[in-house]
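What follows is one structure encoded as structure tokens, with my remarks underneath.
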Amino acid sequence: MELLKKWLGHPEDIYHLLRFKMGGYRAVMPRMDPDSLGLGLRTCYRYLNQTSRSFAAVIQALDGELRHAVCIFYLVLRALDTIEDDMTISLDVKVPMLIEFHSYLYQPEWKYMESKEKHRQVLEDFPTISMEFRNLAKVYQDVISDICHKMGVGMAEFLEKKVDSQSEWDRYCHYVAGLVGIGLSRLFSASELEDPIVGQDTELANSMGLFLQKTNIIRDYLEDQMEGREFWPKEVWSRYTKKLSDLTKPENIDMAVQCLNELITNALRHVPDVLTYLSRLKNQSVFNFCAIPQVMAIATLAACYNNKQVFRGVVKIRKGQAVTLMMDATNMQSVKAIMYQYVEEIYQKIPSTDPSSNKTQQIIASIRAMSLPNGPMASRHHYSPIYLSCAMLLAALSWQYLSTVSKAAEEYVQAGEN
């Protein structure tokens, strides 16, 4: 019943959960017919669904041949990431593998059978993935190979190197996420679904990746600490504590929150680039693919800002909220309204004593200037009282059923896996 209470406190969530269940998901994530594919591609899409149910849905909603190119791109990077994550592989073996991994795309028999990672099937059956890679048009192959090479070199660089400065934080995020944004943008342009400028403007594409990666790193502080990983830049946290792990101590909670707020302010610097990037997109499937993760990220940062819970447990947005964002983020006007809503939420929570308060206010002012809502989308959450009453009644009668339906949205929100 606790879930029902949460929904009744947010009637707009109920509206969109019902709308999502009653077929609205098809507009955002239309299903692909697997029977239309050859055996190799069917296998690749099966691996895609096994390794990332959340990304799989939006990838399969892309138009035309771009869908296959992005699917293969994801699996190639998943295989590379599996090598990087596997702590049973010694560094003298792992470093050369990461650096040379792009060359395996052109070696039909190459596979790796010794991984202990949960997604090892993408390495054990890499010949199927590399075969489908070589079946792609050369323009797609060139992009995927180039990004794979650069990412492998970057992963090798940070294997034994901690993130100290903010510039190194940007560099690390570039290697693991910014390059993905750049690669995807080049694929969008190569497909001719988007203009050449989308793939050429690497600075904006990089910002798309950095905003998502920084959001994941900020949100996942406690989980990373529990697993012995540290991604918060020392240049920032060392101003608040002697050890990053000390931020979890109750006596340090005020300093911990100030450190958190500074990092969120850093991440918000990428939002203007995100808005500019999204404004250039023309194809609806590409827009949905790019916009949905970005609005999830701004909502997550708003939930984390000035929130002590980041150091005590998991902070995530509501399932119904996630579905609302998925349903709304299908045009530029709506995305601007969403961004405006959440930066205003952050603005209202800025403590006057926070060391980063002036910087936070400044970046929010610049985001406001780009996303001032106008027209009907300025009131995104004004719904008919009669409709909401019906929705609340339906929710009261079927809340258990709807909780199962909304799991898809929760999986999408937790798509920080790559």
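As shown in the structure tokens, the chain order sets the letters A, B, ...; within each chain, residues go from 1, and ligands are also counted from 1 in the order they appear.
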List every residue of range 159-384 of chain A that DSSP, applied to the backbone of this structure, assigns to helix (DSSP H, G or I), and report them as a count of residues only.
-> 163
Distance query Lys111 in chain A at most 6 Å, only C-alpha atoms, self and fewer than 4 positions along chain excluded, as a PyMOL selection string = chain A and resi 123-124+126
If you measure from CA of Ile346 in chain A to CA of Thr276 in chain A, what distance in Å do you get, rounded to one decimal?
-> 21.1 Å
Find the residues near range 186-190 of chain A: any atom within 10 Å, counting only C-alpha atoms, skip ones fewer than 6 places away on the same chain, and give them as a PyMOL selection string.
-> chain A and resi 66-67+69-70+73+137+139-144+180+196-202+205+281+283+286
Restricting to only C-alpha atoms, whichever of A:Ser366, A:Ser207, A:Ser130, A:Ser165 is closest to Gly181 in chain A is A:Ser207
Residue among A:Leu204, A:Ala57, A:Leu325, A:Leu210 lying closest to Leu268 in chain A, counting only C-alpha atoms = A:Leu210
Counting only C-alpha atoms, what is within 9 Å of Phe101 in chain A, bar same-chain residues fewer than 2 positions away, as a ChimeraX atom specification?
-> /A:80,96-99,103-105,148-149,152
Expected file: the selected residues, N, CA, C and O atoms, as a short mmCIF file (atom, residue, chain, number, x, y, z; two decimals), in the first residue's frame:
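The resulting file, part-v9.cif, is reproduced below:
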data_model
loop_
_atom_site.label_atom_id
_atom_site.label_comp_id
_atom_site.auth_asym_id
_atom_site.auth_seq_id
_atom_site.Cartn_x
_atom_site.Cartn_y
_atom_site.Cartn_z
N LEU A 80 34.17 -4.67 -24.65
CA LEU A 80 35.35 -3.94 -24.19
C LEU A 80 35.24 -3.65 -22.70
O LEU A 80 36.20 -3.84 -21.93
N PRO A 96 47.19 -4.70 -22.86
CA PRO A 96 47.30 -4.89 -24.32
C PRO A 96 45.95 -5.24 -24.97
O PRO A 96 45.68 -4.80 -26.10
N MET A 97 45.11 -6.01 -24.25
CA MET A 97 43.79 -6.36 -24.82
C MET A 97 42.94 -5.11 -25.03
O MET A 97 42.27 -4.98 -26.05
N LEU A 98 42.94 -4.21 -24.05
CA LEU A 98 42.15 -2.98 -24.17
C LEU A 98 42.63 -2.13 -25.33
O LEU A 98 41.84 -1.61 -26.12
N ILE A 99 43.94 -1.99 -25.43
CA ILE A 99 44.51 -1.13 -26.47
C ILE A 99 44.30 -1.72 -27.87
O ILE A 99 44.07 -0.98 -28.84
N SER A 103 41.12 -4.03 -33.02
CA SER A 103 41.62 -4.87 -34.11
C SER A 103 40.90 -6.21 -34.15
O SER A 103 40.85 -6.87 -35.20
N TYR A 104 40.34 -6.64 -33.02
CA TYR A 104 39.63 -7.93 -32.97
C TYR A 104 38.35 -7.89 -33.82
O TYR A 104 37.82 -8.94 -34.17
N LEU A 105 37.87 -6.69 -34.11
CA LEU A 105 36.67 -6.56 -34.94
C LEU A 105 36.88 -7.12 -36.34
O LEU A 105 35.93 -7.52 -37.02
N CYS A 148 36.04 2.59 -30.43
CA CYS A 148 36.51 1.46 -29.66
C CYS A 148 38.00 1.58 -29.34
O CYS A 148 38.44 1.32 -28.22
N HIS A 149 38.78 2.01 -30.33
CA HIS A 149 40.22 2.19 -30.14
C HIS A 149 40.50 3.27 -29.09
O HIS A 149 41.27 3.06 -28.14
N GLY A 152 39.43 2.12 -25.57
CA GLY A 152 40.35 1.13 -25.01
C GLY A 152 41.61 1.77 -24.48
O GLY A 152 42.10 1.41 -23.39
#
Rounded to one decimal in Å, what is the spacing between CA of Leu244 in chain A and CA of Phe231 in chain A?
-> 9.7 Å
